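Presented below is the structure to which this report refers.
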Amino acid sequence: MLINHDTRCALDAVVDLVNTAPEGADRDDLADVAALRRFVERNDISDIGTLGERDLAAVRAVRDRFAEVFSAAGNEAATRRSAELLNAMIAAAGTTPRLTDHDGFDWHVHYFAPGASLADHLAADCGMALAFIVVAGERERLRRCEAPDCRHAFVDLSRNRSRRYCDSRTCGNRLHVAAYRARRREAAS
């Protein structure tokens, strides 16, 4: 699957956003406006002015809808539900595609209107990135980590769509080591 740089950045941002409140976890990494500002800086999100409590609440609402897209099972009904969610978010954001070259980046498309709120910015750009995945017939690439204690969201961009963990160096390795140790204990007894 060929994904351009801007789409990849938007996919990375939506994964980071969804993972600020992992499925099944009792924590919220967007606890305050300072955490929201760190999210913006970490993802190099441009054209963002002063952030406030309203922005925080709106971004959390957008995050919840994106989380629903990631959590939908991989069947036709789930794809249709994902499309409905994405269509509603993109439309509500007042999508205004425009060409831009800023901050040393080559020409690319922004889908949010100039001066848009952070929530609308994320809904438009990240929503369009996820829409490209759905349109390409690749909805099953939107996954949750199979590690039982993780459940982070990720986009499987592997060639054969075989990625099971959000990070093979942490979740994947931890589970493989645990399985190896269990086999060793079983063989020893």
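Each chain in the structure tokens gets a letter, A, B and so on, in the order shown; residues start at 1 in every chain, and ligands are counted from 1 in the order they appear.
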Quick one: everything within 10 Å of Gly24 (chain A), counting only C-alpha atoms, minus sequence neighbours fewer than 5 positions away in the same chain. Send it as a PyMOL selection string.
chain A and resi 149-152
Leu56 (chain A) environment, 9 Å, only C-alpha atoms, sequence neighbours closer than 6 positions dropped, as a list in words:
Leu30, Ala31, Asp32, Val33, Leu36, Leu118 and Ala119 of chain A
Looking only at strand (DSSP E) from DSSP on the backbone, list the matching residues of region 50-155 of chain A as a PDB file with C-alpha atoms, in the first residue's frame.
```
ATOM      1  CA  ARG A  98      -6.063  23.433   0.076  1.00  0.00           C
ATOM      2  CA  LEU A  99      -2.509  23.142  -1.189  1.00  0.00           C
ATOM      3  CA  THR A 100       0.214  24.481   1.061  1.00  0.00           C
ATOM      4  CA  HIS A 108       0.870  18.966   0.290  1.00  0.00           C
ATOM      5  CA  VAL A 109      -2.856  19.113   1.028  1.00  0.00           C
ATOM      6  CA  HIS A 110      -4.397  20.314   4.264  1.00  0.00           C
ATOM      7  CA  LEU A 142      -6.609  -0.496  11.613  1.00  0.00           C
ATOM      8  CA  ARG A 143      -5.918  -2.724  14.592  1.00  0.00           C
ATOM      9  CA  ARG A 144      -5.510  -3.080  18.312  1.00  0.00           C
ATOM     10  CA  ALA A 153      -4.213   1.128  18.428  1.00  0.00           C
ATOM     11  CA  PHE A 154      -1.891   0.892  15.426  1.00  0.00           C
ATOM     12  CA  VAL A 155      -1.993   0.881  11.634  1.00  0.00           C
TER      13      VAL A 155
END
```
All helix (DSSP H, G or I) residues (DSSP, backbone) inside region 111-149 of chain A, as a PyMOL selection string:
chain A and resi 118-135+139-141
Residue nearest Val59 (chain A) - candidates A:Asp26, A:Asp120, A:Asp103, A:Asp47, atoms counted: only C-alpha atoms:
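Closest residue, counting only C-alpha atoms: A:Asp120.
The gap separating CA of Met128 (chain A) from CA of Ile90 (chain A) is 7.2 Å, in Å to one decimal.
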All residues 8 Å or closer to Tyr165 (chain A), only C-alpha atoms, same chain fewer than 2 positions away omitted, as a ChimeraX atom specification
/A:144-147,163,167-168,171-172
Write out as a ChimeraX atom specification each polymer residue whose atoms come within 12 Å of region 60-62 of chain A, counting only C-alpha atoms; drop sequence neighbours fewer than 2 positions from it.
/A:14,17-21,28-33,35-36,53-58,64-69,85-86,88-90,92-93,117-127
Could you work out how far CA of Leu11 (chain A) lies from CA of Thr170 (chain A), giving the answer in Å with one decimal?
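Interatomic distance here is 20.7 Å.
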Using only C-alpha atoms, which protein or nucleic acid residues come within 12 Å of Ile133 (chain A)? Drop anything in the same chain fewer than 4 positions from it, and give the result as a PyMOL selection string.
chain A and resi 1-4+7-8+10-11+69-70+79+82-83+86+126-129+137-142+155-157
